[in-house]
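Next comes coords23.cif, with mmCIF, C-alpha atoms.
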```cif
data_query
#
loop_
_atom_site.label_atom_id
_atom_site.label_comp_id
_atom_site.auth_asym_id
_atom_site.auth_seq_id
_atom_site.Cartn_x
_atom_site.Cartn_y
_atom_site.Cartn_z
CA MET A 1 -12.14 11.30 23.40
CA ASN A 2 -15.75 10.42 24.20
CA GLN A 3 -16.70 6.78 23.60
CA THR A 4 -20.08 6.18 21.95
CA SER A 5 -22.39 4.04 24.07
CA ALA A 6 -23.92 0.84 22.73
CA GLU A 7 -27.35 2.48 22.94
CA GLU A 8 -26.21 5.49 20.89
CA LEU A 9 -24.63 3.23 18.30
CA ALA A 10 -27.76 1.04 18.11
CA ALA A 11 -29.90 4.16 17.64
CA ALA A 12 -27.58 5.32 14.84
CA LEU A 13 -27.86 1.93 13.08
CA ASP A 14 -31.66 2.05 13.38
CA ILE A 15 -31.74 5.11 11.11
CA CYS A 16 -28.64 4.38 8.99
CA GLY A 17 -29.56 4.28 5.30
CA SER A 18 -26.61 2.07 4.38
CA PHE A 19 -27.22 -0.47 7.14
CA ASN A 20 -30.97 -0.74 6.58
CA LEU A 21 -30.87 -0.83 2.78
CA ARG A 22 -28.06 -3.40 2.70
CA ARG A 23 -29.81 -5.61 5.26
CA ALA A 24 -33.07 -5.38 3.30
CA ALA A 25 -31.23 -6.10 0.04
CA ARG A 26 -29.64 -9.24 1.50
CA VAL A 27 -32.97 -10.56 2.81
CA VAL A 28 -34.77 -9.83 -0.47
CA THR A 29 -31.92 -11.37 -2.50
CA GLN A 30 -32.08 -14.56 -0.42
CA PHE A 31 -35.87 -14.64 -0.88
CA TYR A 32 -35.63 -14.44 -4.70
CA ASP A 33 -32.65 -16.84 -4.75
CA GLU A 34 -34.86 -19.59 -3.31
CA TYR A 35 -37.35 -19.22 -6.17
CA LEU A 36 -34.68 -19.07 -8.90
CA GLU A 37 -32.61 -21.96 -7.51
CA PRO A 38 -34.28 -24.58 -9.78
CA ALA A 39 -32.85 -22.71 -12.79
CA GLY A 40 -29.37 -22.68 -11.27
CA LEU A 41 -29.24 -18.88 -11.09
CA ARG A 42 -28.95 -16.46 -8.23
CA SER A 43 -31.28 -13.47 -8.31
CA THR A 44 -28.33 -11.16 -8.92
CA GLN A 45 -27.46 -13.15 -12.04
CA PHE A 46 -31.06 -13.14 -13.24
CA VAL A 47 -31.30 -9.36 -12.84
CA LEU A 48 -28.05 -8.96 -14.78
CA LEU A 49 -29.23 -11.23 -17.60
CA ALA A 50 -32.70 -9.65 -17.69
CA THR A 51 -31.19 -6.15 -17.86
CA ILE A 52 -29.03 -7.23 -20.80
CA ALA A 53 -32.09 -8.86 -22.44
CA VAL A 54 -34.01 -5.59 -22.19
CA ALA A 55 -31.10 -3.58 -23.62
CA GLY A 56 -30.20 -6.00 -26.42
CA GLU A 57 -26.55 -5.06 -26.75
CA ILE A 58 -25.16 -2.70 -24.14
CA GLY A 59 -21.77 -1.24 -23.32
CA LEU A 60 -20.22 -2.42 -20.07
CA SER A 61 -19.91 1.11 -18.72
CA ARG A 62 -23.57 1.86 -19.42
CA LEU A 63 -24.64 -1.48 -17.92
CA ALA A 64 -22.58 -0.77 -14.80
CA ARG A 65 -24.29 2.64 -14.45
CA GLU A 66 -27.71 1.08 -15.01
CA LEU A 67 -27.08 -1.47 -12.25
CA ALA A 68 -25.24 0.99 -9.96
CA MET A 69 -22.16 -1.27 -9.95
CA ALA A 70 -18.48 -0.60 -10.32
CA THR A 71 -17.27 -1.72 -13.75
CA SER A 72 -14.76 -4.08 -12.10
CA THR A 73 -17.55 -5.70 -10.04
CA LEU A 74 -19.69 -6.03 -13.15
CA SER A 75 -16.82 -7.67 -15.04
CA ARG A 76 -16.34 -10.19 -12.20
CA ASN A 77 -20.07 -10.97 -12.24
CA LEU A 78 -20.11 -11.41 -16.02
CA LYS A 79 -17.17 -13.85 -16.14
CA PRO A 80 -19.12 -16.95 -14.99
CA LEU A 81 -22.03 -16.02 -17.27
CA GLU A 82 -19.65 -15.70 -20.21
CA ARG A 83 -17.90 -18.95 -19.24
CA ASP A 84 -21.27 -20.74 -19.16
CA GLY A 85 -22.15 -19.40 -22.62
CA LEU A 86 -24.97 -17.12 -21.44
CA VAL A 87 -23.46 -13.79 -22.51
CA ARG A 88 -21.06 -12.68 -25.21
CA ILE A 89 -18.62 -9.84 -24.59
CA ALA A 90 -17.07 -8.24 -27.65
CA LYS A 91 -15.04 -5.15 -28.47
CA GLY A 92 -17.03 -2.16 -29.63
CA ARG A 93 -16.15 0.17 -32.49
CA ASP A 94 -13.67 1.81 -30.15
CA SER A 95 -11.28 -0.95 -29.03
CA ARG A 96 -11.46 0.36 -25.44
CA ARG A 97 -15.22 -0.15 -25.34
CA ARG A 98 -16.74 -3.55 -24.64
CA ILE A 99 -20.27 -4.61 -25.54
CA VAL A 100 -22.25 -7.36 -23.83
CA ALA A 101 -25.22 -9.28 -25.25
CA LEU A 102 -27.09 -12.45 -24.40
CA THR A 103 -26.38 -15.59 -26.35
CA ALA A 104 -29.28 -17.74 -27.54
CA GLU A 105 -28.71 -19.95 -24.47
CA GLY A 106 -28.77 -16.89 -22.21
CA ARG A 107 -32.05 -15.75 -23.76
CA ARG A 108 -33.56 -19.23 -23.25
CA LEU A 109 -32.49 -19.19 -19.60
CA VAL A 110 -34.05 -15.76 -19.03
CA ASP A 111 -37.27 -17.01 -20.63
CA ASP A 112 -37.19 -20.15 -18.45
CA CYS A 113 -36.68 -18.02 -15.34
CA ILE A 114 -39.59 -15.66 -15.97
CA PRO A 115 -42.22 -18.01 -14.42
CA LEU A 116 -39.93 -18.57 -11.40
CA TRP A 117 -39.42 -14.82 -11.04
CA GLU A 118 -43.18 -14.23 -11.36
CA LYS A 119 -43.82 -16.66 -8.48
CA ALA A 120 -41.14 -14.93 -6.41
CA GLN A 121 -42.56 -11.51 -7.22
CA THR A 122 -46.10 -12.56 -6.32
CA ALA A 123 -44.92 -14.08 -3.04
CA PHE A 124 -42.81 -10.98 -2.33
CA GLU A 125 -45.66 -8.57 -3.01
CA SER A 126 -47.96 -10.65 -0.79
CA LYS A 127 -45.83 -9.54 2.15
CA PHE A 128 -47.12 -5.97 1.66
CA ALA A 129 -50.46 -4.20 1.70
CA ALA A 130 -51.91 -3.70 -1.80
CA SER A 131 -50.25 -0.40 -2.73
CA ASP A 132 -47.30 -0.42 -0.32
CA TRP A 133 -44.75 -2.19 -2.53
CA ARG A 134 -45.39 0.08 -5.54
CA ARG A 135 -44.93 3.12 -3.26
CA ILE A 136 -41.75 1.71 -1.67
CA SER A 137 -40.37 0.76 -5.08
CA GLY A 138 -40.98 4.29 -6.34
CA GLU A 139 -39.31 5.76 -3.28
CA LEU A 140 -36.27 3.53 -3.78
CA GLN A 141 -36.02 4.68 -7.40
CA GLN A 142 -36.25 8.30 -6.21
CA THR A 143 -33.51 7.57 -3.65
CA VAL A 144 -31.18 6.40 -6.41
CA GLY A 145 -31.92 9.54 -8.41
CA ARG A 146 -31.37 11.85 -5.43
CA ILE A 147 -28.09 10.25 -4.42
CA ARG A 148 -26.81 10.27 -8.02
CA ALA A 149 -27.82 13.92 -8.42
CA GLY A 150 -25.53 14.83 -5.54
#
```
As structure tokens, what does this structure read like?
Amino acid sequence: MNQTSAEELAAALDICGSFNLRRAARVVTQFYDEYLEPAGLRSTQFVLLATIAVAGEIGLSRLARELAMATSTLSRNLKPLERDGLVRIAKGRDSRRRIVALTAEGRRLVDDCIPLWEKAQTAFESKFAASDWRRISGELQQTVGRIRAG
């Protein structure tokens, strides 16, 4: 069996979609976390709450698809938000289906976080040339679509 050299492995990581996207996601998450810290939320929690706010009420399966998360991961992420009174999870018409919605407190927290998010977004976009972030964002959305399409 031929052993891969460190140089070959490093070259593979340089072009690896998983490695590069995950590394970028961690750095960006940490960046937004710093701005949202005064509200006591992590950026992942804010995105989850904001997505629910946009949807109104949404089934857990649909929310998981929207966020590209496993339903079990989503459920784990919702537990502390439900415990803190920010979301309400109820049974749907079909007892196997669960629906999630923001509580009034969750809606207030999202509203309170918007100015913090706007500061983060402005600072984030300042790291790019004028049109670069919009182009990159569009390409990332296309990537999701292409991968999901198979």
Considering only C-alpha atoms, give me a table of residues in stretch 50-133 of chain A that are at most 12 Å from stretch 24-30 of chain A, with the closest atom pair and distance in Å for each, as CSV.
```
residue,atom,partner,partner_atom,distance
A:Trp117,CA,A:Thr29,CA,11.9
A:Ala120,CA,A:Val28,CA,10.1
A:Gln121,CA,A:Val28,CA,10.4
A:Ala123,CA,A:Val28,CA,11.3
A:Phe124,CA,A:Val28,CA,8.3
A:Glu125,CA,A:Val28,CA,11.3
A:Lys127,CA,A:Val28,CA,11.4
```
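Here the PyMOL selection byres ((chain A and resi 42) around 12) matches the residues Val28, Thr29, Gln30, Phe31, Tyr32, Asp33, Glu34, Tyr35, Leu36, Glu37, Pro38, Ala39, Gly40, Leu41, Ser43, Thr44, Gln45, Phe46, Val47, Leu48, Leu49, Asn77, Pro80, Leu81, Val110, Cys113, Leu116 and Trp117 of chain A.
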Query raised in the report: If you measure from atom CA of A:Phe19 to atom CA of A:Ile147, what distance in Å do you get, rounded to one decimal?
Result: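 So the two atoms, atom CA of A:Phe19 and atom CA of A:Ile147, lie 15.8 Å apart.
Atom CA of A:Ser61 sits 19.5 Å away from atom CA of A:Thr103.
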Report task. Tell me which of A:Ala11, A:Cys16, A:Ile136, A:Val54 sits closest to A:Asp111, counting only C-alpha atoms. Result ->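 Of A:Ala11, A:Cys16, A:Ile136, A:Val54, the one nearest A:Asp111, counting only C-alpha atoms, is A:Val54.
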Requested in this report: Identify all residues satisfying the PyMOL selection byres ((chain A and resi 90) around 12) in the given file; provide them as a ChimeraX atom specification.
Outcome: /A:57-60,82,87-89,91-103
Query raised in the report: Hey, which of A:Ser18, A:Arg135, A:Gly106, A:Gly56 ends up closest to A:Leu78? Count all atoms listed in the file.
Result: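 Of A:Ser18, A:Arg135, A:Gly106, A:Gly56, the one nearest A:Leu78 is A:Gly106, counting all atoms listed in the file.
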Requested in this report: Grab the atom CA of A:Glu139 to atom CA of A:Arg23 distance for me, in Å with one decimal place.
Outcome: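 Going from atom CA of A:Glu139 over to atom CA of A:Arg23 covers 17.1 Å.
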Query raised in the report: Pick from A:Met69, A:Leu13, A:Leu74, A:Leu86: nearest to A:Leu109, with only C-alpha atoms counted?
Result: A:Leu86
As AutoDock Vina command-line options, please report the centre and edge lengths, rounded to one decimal in Å, of the axis-aligned box that holds all listed atoms of stretch 94-112 of chain A with 8 Å of padding on each of the six sides.
```
--center_x -24.3 --center_y -9.2 --center_z -24.3 --size_x 42.0 --size_y 38.0 --size_z 27.7
```
